[in-house]
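This is start.cif. It holds mmCIF, N, CA and C atoms.
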data_entry
#
loop_
_atom_site.label_atom_id
_atom_site.label_comp_id
_atom_site.auth_asym_id
_atom_site.auth_seq_id
_atom_site.Cartn_x
_atom_site.Cartn_y
_atom_site.Cartn_z
N MET A 1 -18.75 -5.19 5.60
CA MET A 1 -17.50 -5.73 6.06
C MET A 1 -17.13 -5.08 7.39
N THR A 2 -16.71 -5.88 8.31
CA THR A 2 -16.27 -5.38 9.60
C THR A 2 -14.81 -5.71 9.79
N VAL A 3 -14.03 -4.71 10.07
CA VAL A 3 -12.62 -4.91 10.37
C VAL A 3 -12.46 -4.71 11.86
N SER A 4 -12.07 -5.76 12.54
CA SER A 4 -11.92 -5.67 13.99
C SER A 4 -10.54 -5.14 14.35
N THR A 5 -10.34 -4.91 15.62
CA THR A 5 -9.05 -4.43 16.10
C THR A 5 -7.99 -5.46 15.78
N LEU A 6 -6.88 -4.98 15.25
CA LEU A 6 -5.76 -5.86 14.92
C LEU A 6 -4.75 -5.80 16.04
N ASP A 7 -4.34 -6.95 16.52
CA ASP A 7 -3.33 -7.00 17.57
C ASP A 7 -1.97 -7.13 16.91
N TRP A 8 -1.34 -6.01 16.59
CA TRP A 8 -0.05 -6.00 15.94
C TRP A 8 1.07 -6.28 16.94
N GLY A 9 0.78 -6.30 18.20
CA GLY A 9 1.78 -6.50 19.23
C GLY A 9 1.58 -5.46 20.31
N THR A 10 2.24 -5.63 21.42
CA THR A 10 2.00 -4.73 22.53
C THR A 10 2.57 -3.34 22.31
N THR A 11 3.69 -3.22 21.59
CA THR A 11 4.27 -1.89 21.39
C THR A 11 4.42 -1.53 19.91
N TYR A 12 4.18 -2.46 19.03
CA TYR A 12 4.41 -2.23 17.61
C TYR A 12 3.15 -1.68 16.95
N ARG A 13 3.30 -0.55 16.27
CA ARG A 13 2.21 0.04 15.50
C ARG A 13 2.64 0.05 14.04
N VAL A 14 1.72 -0.20 13.17
CA VAL A 14 2.01 -0.22 11.75
C VAL A 14 1.95 1.19 11.21
N THR A 15 3.05 1.65 10.64
CA THR A 15 3.11 2.97 10.04
C THR A 15 3.00 2.81 8.53
N VAL A 16 2.09 3.57 7.93
CA VAL A 16 1.74 3.39 6.53
C VAL A 16 2.04 4.67 5.75
N LEU A 17 2.74 4.53 4.63
CA LEU A 17 2.98 5.63 3.71
C LEU A 17 2.24 5.32 2.42
N ASP A 18 1.38 6.23 1.99
CA ASP A 18 0.62 6.05 0.76
C ASP A 18 1.29 6.80 -0.38
N LEU A 19 1.62 6.07 -1.44
CA LEU A 19 2.06 6.70 -2.68
C LEU A 19 0.87 6.67 -3.63
N GLY A 20 -0.02 7.62 -3.49
CA GLY A 20 -1.20 7.70 -4.33
C GLY A 20 -0.83 8.26 -5.68
N LEU A 21 -0.64 7.41 -6.67
CA LEU A 21 -0.13 7.84 -7.96
C LEU A 21 -1.22 8.15 -8.98
N ALA A 22 -2.43 7.69 -8.75
CA ALA A 22 -3.51 7.94 -9.71
C ALA A 22 -4.85 7.70 -9.02
N CYS A 23 -5.83 7.28 -9.79
CA CYS A 23 -7.21 7.17 -9.32
C CYS A 23 -7.34 6.38 -8.01
N CYS A 24 -6.67 5.26 -7.91
CA CYS A 24 -6.79 4.44 -6.71
C CYS A 24 -6.27 5.17 -5.47
N GLY A 25 -5.39 6.13 -5.68
CA GLY A 25 -4.88 6.93 -4.57
C GLY A 25 -5.99 7.66 -3.85
N VAL A 26 -7.03 8.06 -4.57
CA VAL A 26 -8.17 8.74 -3.95
C VAL A 26 -8.89 7.79 -2.99
N GLU A 27 -9.05 6.55 -3.38
CA GLU A 27 -9.71 5.57 -2.52
C GLU A 27 -8.86 5.25 -1.29
N VAL A 28 -7.54 5.21 -1.47
CA VAL A 28 -6.64 4.97 -0.33
C VAL A 28 -6.72 6.15 0.63
N MET A 29 -6.73 7.36 0.10
CA MET A 29 -6.87 8.54 0.97
C MET A 29 -8.18 8.49 1.74
N ALA A 30 -9.24 8.03 1.09
CA ALA A 30 -10.53 7.91 1.77
C ALA A 30 -10.45 6.89 2.90
N ALA A 31 -9.69 5.84 2.71
CA ALA A 31 -9.55 4.83 3.76
C ALA A 31 -8.70 5.36 4.91
N LEU A 32 -7.59 6.05 4.58
CA LEU A 32 -6.67 6.50 5.61
C LEU A 32 -7.13 7.78 6.30
N ASP A 33 -7.90 8.61 5.61
CA ASP A 33 -8.35 9.87 6.20
C ASP A 33 -9.84 9.88 6.50
N GLY A 34 -10.54 8.82 6.11
CA GLY A 34 -11.98 8.77 6.27
C GLY A 34 -12.39 8.53 7.71
N GLY A 35 -13.61 8.12 7.90
CA GLY A 35 -14.16 7.95 9.23
C GLY A 35 -13.75 6.67 9.93
N HIS A 36 -12.74 5.99 9.43
CA HIS A 36 -12.30 4.75 10.05
C HIS A 36 -11.40 5.06 11.24
N ASP A 37 -11.53 4.29 12.30
CA ASP A 37 -10.70 4.47 13.49
C ASP A 37 -9.40 3.69 13.30
N LEU A 38 -8.47 4.30 12.59
CA LEU A 38 -7.22 3.62 12.29
C LEU A 38 -6.39 3.34 13.54
N GLY A 39 -6.50 4.22 14.54
CA GLY A 39 -5.79 3.99 15.79
C GLY A 39 -6.21 2.69 16.44
N ALA A 40 -7.50 2.39 16.37
CA ALA A 40 -8.00 1.13 16.93
C ALA A 40 -7.49 -0.07 16.13
N LEU A 41 -7.19 0.15 14.86
CA LEU A 41 -6.65 -0.93 14.03
C LEU A 41 -5.14 -1.09 14.21
N GLY A 42 -4.51 -0.14 14.90
CA GLY A 42 -3.07 -0.20 15.07
C GLY A 42 -2.33 0.33 13.86
N VAL A 43 -2.98 1.22 13.10
CA VAL A 43 -2.41 1.75 11.87
C VAL A 43 -2.22 3.26 12.01
N ASP A 44 -1.01 3.74 11.74
CA ASP A 44 -0.70 5.16 11.79
C ASP A 44 -0.21 5.62 10.42
N PRO A 45 -1.00 6.42 9.69
CA PRO A 45 -0.48 7.00 8.44
C PRO A 45 0.63 7.99 8.76
N VAL A 46 1.69 7.96 7.96
CA VAL A 46 2.82 8.88 8.12
C VAL A 46 3.10 9.57 6.80
N ARG A 47 3.92 10.62 6.85
CA ARG A 47 4.22 11.41 5.65
C ARG A 47 5.62 11.19 5.12
N SER A 48 6.40 10.39 5.80
CA SER A 48 7.79 10.19 5.42
C SER A 48 8.10 8.71 5.29
N ALA A 49 8.83 8.35 4.24
CA ALA A 49 9.21 6.96 4.05
C ALA A 49 10.10 6.46 5.19
N GLY A 50 10.86 7.35 5.79
CA GLY A 50 11.73 6.98 6.89
C GLY A 50 10.99 6.54 8.14
N GLU A 51 9.70 6.84 8.20
CA GLU A 51 8.87 6.45 9.34
C GLU A 51 7.97 5.25 9.04
N ALA A 52 7.87 4.84 7.80
CA ALA A 52 6.87 3.87 7.37
C ALA A 52 7.40 2.45 7.35
N HIS A 53 6.55 1.51 7.73
CA HIS A 53 6.86 0.08 7.60
C HIS A 53 6.03 -0.56 6.50
N VAL A 54 4.96 0.11 6.09
CA VAL A 54 4.12 -0.39 5.01
C VAL A 54 4.04 0.67 3.92
N LEU A 55 4.42 0.30 2.72
CA LEU A 55 4.31 1.18 1.57
C LEU A 55 3.08 0.77 0.77
N VAL A 56 2.14 1.70 0.62
CA VAL A 56 0.94 1.45 -0.17
C VAL A 56 1.16 2.10 -1.53
N VAL A 57 1.26 1.28 -2.56
CA VAL A 57 1.41 1.77 -3.92
C VAL A 57 0.05 1.64 -4.59
N SER A 58 -0.54 2.78 -4.93
CA SER A 58 -1.89 2.76 -5.51
C SER A 58 -1.91 3.59 -6.78
N GLY A 59 -2.41 3.01 -7.83
CA GLY A 59 -2.51 3.71 -9.10
C GLY A 59 -1.43 3.30 -10.08
N THR A 60 -1.44 3.94 -11.22
CA THR A 60 -0.53 3.63 -12.31
C THR A 60 0.90 4.03 -11.96
N VAL A 61 1.80 3.07 -12.07
CA VAL A 61 3.22 3.36 -11.88
C VAL A 61 3.84 3.47 -13.26
N THR A 62 4.31 4.65 -13.60
CA THR A 62 4.97 4.83 -14.89
C THR A 62 6.46 4.54 -14.73
N ASP A 63 7.09 4.25 -15.83
CA ASP A 63 8.53 3.97 -15.80
C ASP A 63 9.32 5.18 -15.32
N VAL A 64 8.81 6.38 -15.57
CA VAL A 64 9.47 7.59 -15.11
C VAL A 64 9.33 7.75 -13.59
N MET A 65 8.20 7.32 -13.04
CA MET A 65 7.94 7.44 -11.60
C MET A 65 8.60 6.31 -10.81
N LEU A 66 8.90 5.20 -11.44
CA LEU A 66 9.43 4.03 -10.75
C LEU A 66 10.67 4.31 -9.89
N PRO A 67 11.67 5.07 -10.35
CA PRO A 67 12.82 5.34 -9.48
C PRO A 67 12.44 6.03 -8.17
N ALA A 68 11.46 6.91 -8.18
CA ALA A 68 11.02 7.58 -6.95
C ALA A 68 10.33 6.59 -6.02
N VAL A 69 9.57 5.67 -6.58
CA VAL A 69 8.91 4.64 -5.76
C VAL A 69 9.98 3.75 -5.13
N LEU A 70 10.97 3.34 -5.91
CA LEU A 70 12.05 2.51 -5.38
C LEU A 70 12.84 3.24 -4.31
N ALA A 71 13.07 4.54 -4.49
CA ALA A 71 13.80 5.32 -3.49
C ALA A 71 13.01 5.41 -2.19
N ALA A 72 11.71 5.57 -2.27
CA ALA A 72 10.88 5.61 -1.06
C ALA A 72 10.97 4.28 -0.34
N TYR A 73 10.91 3.18 -1.07
CA TYR A 73 11.02 1.85 -0.46
C TYR A 73 12.37 1.67 0.22
N GLN A 74 13.44 2.08 -0.43
CA GLN A 74 14.78 1.94 0.14
C GLN A 74 14.96 2.77 1.41
N GLU A 75 14.24 3.87 1.50
CA GLU A 75 14.34 4.74 2.67
C GLU A 75 13.60 4.17 3.89
N MET A 76 12.72 3.24 3.66
CA MET A 76 11.92 2.68 4.77
C MET A 76 12.77 1.80 5.67
N PRO A 77 12.51 1.84 6.99
CA PRO A 77 13.23 0.95 7.90
C PRO A 77 12.70 -0.48 7.81
N GLU A 78 13.50 -1.43 8.22
CA GLU A 78 13.06 -2.83 8.29
C GLU A 78 12.24 -3.02 9.56
N PRO A 79 11.30 -3.91 9.61
CA PRO A 79 10.75 -4.65 8.48
C PRO A 79 9.89 -3.75 7.62
N ARG A 80 9.88 -4.02 6.33
CA ARG A 80 9.08 -3.21 5.42
C ARG A 80 8.25 -4.12 4.52
N TYR A 81 7.05 -3.64 4.24
CA TYR A 81 6.08 -4.41 3.48
C TYR A 81 5.47 -3.53 2.40
N VAL A 82 4.98 -4.16 1.34
CA VAL A 82 4.36 -3.43 0.24
C VAL A 82 2.95 -3.95 0.01
N LEU A 83 1.99 -3.02 -0.03
CA LEU A 83 0.63 -3.31 -0.46
C LEU A 83 0.44 -2.66 -1.81
N SER A 84 0.07 -3.44 -2.79
CA SER A 84 -0.24 -2.92 -4.12
C SER A 84 -1.75 -2.81 -4.20
N VAL A 85 -2.25 -1.60 -4.49
CA VAL A 85 -3.69 -1.36 -4.46
C VAL A 85 -4.18 -0.97 -5.85
N GLY A 86 -5.08 -1.78 -6.39
CA GLY A 86 -5.72 -1.48 -7.65
C GLY A 86 -5.09 -2.17 -8.84
N ALA A 87 -5.87 -2.29 -9.90
CA ALA A 87 -5.45 -3.00 -11.10
C ALA A 87 -4.19 -2.38 -11.72
N CYS A 88 -4.09 -1.07 -11.74
CA CYS A 88 -2.93 -0.43 -12.38
C CYS A 88 -1.64 -0.75 -11.64
N SER A 89 -1.67 -0.67 -10.33
CA SER A 89 -0.48 -0.98 -9.55
C SER A 89 -0.17 -2.48 -9.61
N ASN A 90 -1.20 -3.30 -9.64
CA ASN A 90 -1.01 -4.75 -9.64
C ASN A 90 -0.48 -5.28 -10.98
N THR A 91 -1.02 -4.77 -12.10
CA THR A 91 -0.70 -5.36 -13.41
C THR A 91 -0.50 -4.34 -14.52
N GLY A 92 -0.65 -3.07 -14.24
CA GLY A 92 -0.64 -2.06 -15.29
C GLY A 92 -2.05 -1.68 -15.70
N GLY A 93 -3.05 -2.45 -15.26
CA GLY A 93 -4.45 -2.14 -15.51
C GLY A 93 -4.75 -1.96 -16.98
N PRO A 94 -5.66 -1.04 -17.28
CA PRO A 94 -6.02 -0.84 -18.68
C PRO A 94 -4.88 -0.23 -19.51
N TYR A 95 -3.82 0.18 -18.85
CA TYR A 95 -2.68 0.80 -19.53
C TYR A 95 -1.51 -0.16 -19.68
N TRP A 96 -1.72 -1.45 -19.44
CA TRP A 96 -0.64 -2.43 -19.41
C TRP A 96 0.17 -2.46 -20.70
N ASP A 97 -0.45 -2.10 -21.84
CA ASP A 97 0.28 -2.18 -23.10
C ASP A 97 0.95 -0.86 -23.50
N SER A 98 0.91 0.11 -22.61
CA SER A 98 1.58 1.38 -22.90
C SER A 98 3.08 1.23 -22.70
N TYR A 99 3.83 1.86 -23.56
CA TYR A 99 5.29 1.79 -23.47
C TYR A 99 5.82 2.41 -22.18
N SER A 100 5.02 3.28 -21.53
CA SER A 100 5.53 4.03 -20.38
C SER A 100 5.05 3.52 -19.03
N VAL A 101 4.31 2.43 -19.01
CA VAL A 101 3.71 1.93 -17.77
C VAL A 101 4.42 0.68 -17.28
N THR A 102 4.77 0.68 -16.00
CA THR A 102 5.33 -0.50 -15.35
C THR A 102 4.24 -1.55 -15.27
N LYS A 103 4.51 -2.75 -15.66
CA LYS A 103 3.51 -3.81 -15.76
C LYS A 103 3.20 -4.48 -14.43
N GLY A 104 3.12 -3.69 -13.39
CA GLY A 104 2.87 -4.19 -12.04
C GLY A 104 4.06 -3.88 -11.17
N ILE A 105 3.80 -3.33 -10.00
CA ILE A 105 4.89 -2.94 -9.10
C ILE A 105 5.65 -4.17 -8.60
N ASP A 106 5.04 -5.35 -8.70
CA ASP A 106 5.75 -6.57 -8.29
C ASP A 106 6.93 -6.88 -9.21
N GLN A 107 7.02 -6.20 -10.34
CA GLN A 107 8.18 -6.35 -11.22
C GLN A 107 9.43 -5.69 -10.61
N ALA A 108 9.21 -4.77 -9.66
CA ALA A 108 10.32 -4.02 -9.10
C ALA A 108 10.46 -4.15 -7.59
N LEU A 109 9.36 -4.45 -6.89
CA LEU A 109 9.36 -4.55 -5.42
C LEU A 109 8.68 -5.84 -4.98
N PRO A 110 9.04 -6.36 -3.81
CA PRO A 110 8.33 -7.52 -3.29
C PRO A 110 6.95 -7.10 -2.76
N VAL A 111 5.90 -7.52 -3.42
CA VAL A 111 4.55 -7.18 -2.99
C VAL A 111 4.06 -8.27 -2.04
N HIS A 112 3.65 -7.85 -0.85
CA HIS A 112 3.19 -8.78 0.17
C HIS A 112 1.69 -9.03 0.07
N VAL A 113 0.93 -8.00 -0.28
CA VAL A 113 -0.52 -8.11 -0.45
C VAL A 113 -0.92 -7.27 -1.65
N ALA A 114 -1.71 -7.85 -2.54
CA ALA A 114 -2.26 -7.11 -3.68
C ALA A 114 -3.77 -7.00 -3.50
N VAL A 115 -4.26 -5.77 -3.51
CA VAL A 115 -5.69 -5.51 -3.37
C VAL A 115 -6.26 -5.27 -4.76
N PRO A 116 -7.17 -6.14 -5.23
CA PRO A 116 -7.70 -5.99 -6.58
C PRO A 116 -8.78 -4.91 -6.65
N GLY A 117 -9.09 -4.48 -7.88
CA GLY A 117 -10.18 -3.55 -8.10
C GLY A 117 -9.78 -2.40 -8.98
N CYS A 118 -10.78 -1.74 -9.54
CA CYS A 118 -10.54 -0.61 -10.43
C CYS A 118 -11.67 0.42 -10.27
N PRO A 119 -11.57 1.26 -9.28
CA PRO A 119 -10.66 1.21 -8.13
C PRO A 119 -11.27 0.36 -7.01
N PRO A 120 -10.45 -0.16 -6.13
CA PRO A 120 -11.00 -0.87 -4.97
C PRO A 120 -11.62 0.13 -3.99
N ARG A 121 -12.61 -0.32 -3.26
CA ARG A 121 -13.24 0.54 -2.25
C ARG A 121 -12.30 0.72 -1.07
N PRO A 122 -12.48 1.80 -0.29
CA PRO A 122 -11.61 2.02 0.87
C PRO A 122 -11.57 0.83 1.82
N GLU A 123 -12.69 0.15 1.97
CA GLU A 123 -12.73 -1.02 2.86
C GLU A 123 -11.80 -2.12 2.37
N ALA A 124 -11.57 -2.18 1.06
CA ALA A 124 -10.67 -3.19 0.52
C ALA A 124 -9.24 -2.97 1.00
N LEU A 125 -8.84 -1.70 1.11
CA LEU A 125 -7.50 -1.41 1.65
C LEU A 125 -7.41 -1.88 3.09
N LEU A 126 -8.44 -1.63 3.87
CA LEU A 126 -8.43 -2.07 5.26
C LEU A 126 -8.37 -3.60 5.34
N GLU A 127 -9.06 -4.28 4.44
CA GLU A 127 -8.96 -5.74 4.38
C GLU A 127 -7.55 -6.16 3.97
N GLY A 128 -6.92 -5.40 3.08
CA GLY A 128 -5.54 -5.69 2.70
C GLY A 128 -4.60 -5.56 3.88
N LEU A 129 -4.81 -4.55 4.70
CA LEU A 129 -3.99 -4.40 5.91
C LEU A 129 -4.24 -5.56 6.87
N ALA A 130 -5.50 -6.00 6.96
CA ALA A 130 -5.81 -7.15 7.82
C ALA A 130 -5.13 -8.41 7.27
N ALA A 131 -5.10 -8.57 5.94
CA ALA A 131 -4.42 -9.72 5.33
C ALA A 131 -2.93 -9.67 5.60
N LEU A 132 -2.35 -8.47 5.55
CA LEU A 132 -0.92 -8.32 5.86
C LEU A 132 -0.67 -8.71 7.32
N HIS A 133 -1.56 -8.30 8.19
CA HIS A 133 -1.42 -8.65 9.60
C HIS A 133 -1.43 -10.16 9.79
N ARG A 134 -2.36 -10.83 9.11
CA ARG A 134 -2.44 -12.29 9.23
C ARG A 134 -1.16 -12.94 8.68
N MET A 135 -0.62 -12.36 7.63
CA MET A 135 0.57 -12.92 7.01
C MET A 135 1.79 -12.81 7.92
N VAL A 136 1.96 -11.69 8.59
CA VAL A 136 3.17 -11.49 9.39
C VAL A 136 3.04 -11.99 10.82
N SER A 137 1.83 -12.32 11.25
CA SER A 137 1.69 -12.78 12.65
C SER A 137 1.68 -14.29 12.74
#
Structure re-expressed in structure tokens:
Amino acid sequence: MTVSTLDWGTTYRVTVLDLGLACCGVEVMAALDGGHDLGALGVDPVRSAGEAHVLVVSGTVTDVMLPAVLAAYQEMPEPRYVLSVGACSNTGGPYWDSYSVTKGIDQALPVHVAVPGCPPRPEALLEGLAALHRMVS
């Protein structure tokens, strides 16, 4: 898979905050910290929700963790987008029938792009960002 340079605009850069909550978080970290030239893609990982326009939710979201995820989303400036990465974040994954697992982050937040997989490869996250770019442009 080849991800080409994304033209997000002349001055707009996409700032991404990863909430790596479980296994899929490792794959997201590999995508954001790996050998990919994110600057060429117009993507800047950040450490604060107040700086992020894209929230990446990866891994199992428990009902106990959900308020913190919602608080991070509320802290983000507009426009804000959500990428749900992996089966657990998308639907609850293999834990969907647990009393303590949120049955998909889309139950609580507007998900703009859902990246499937258990876990998805780092390239899948980059494709998800490309899909988000196509959606908003």
Of the listed residues A:Pro119, A:Pro94, A:Pro67, A:Gly59, that which approaches Leu19 (chain A) most closely, counting all atoms listed in the file: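 The answer is A:Gly59, which sits nearest to Leu19 (chain A).
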Proximity to Glu51 (chain A) - best of A:Ser98, A:Gln107, A:Thr15, A:Ser137, only N, CA and C atoms: A:Thr15
Every residue of region 24-76 of chain A that DSSP places in alpha helix (DSSP H), as a ChimeraX atom specification: /A:24-33,38-41,66-75
Explicit residue set for the PyMOL selection byres ((chain A and resi 91) around 8), as a ChimeraX atom specification: /A:85-90,92-97,101-106
Non-local contacts of Ser84 (chain A) (7 Å; only C-alpha atoms; under 2 positions in same chain excluded) as a list of chain:residue names: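 Residues near the query, excluding close chain neighbours: A:Val56, A:Val57, A:Ser58, A:Val82, A:Gly86, A:Ser89, A:Asn90, A:Val111, A:Val113, A:Ala114, A:Val115.
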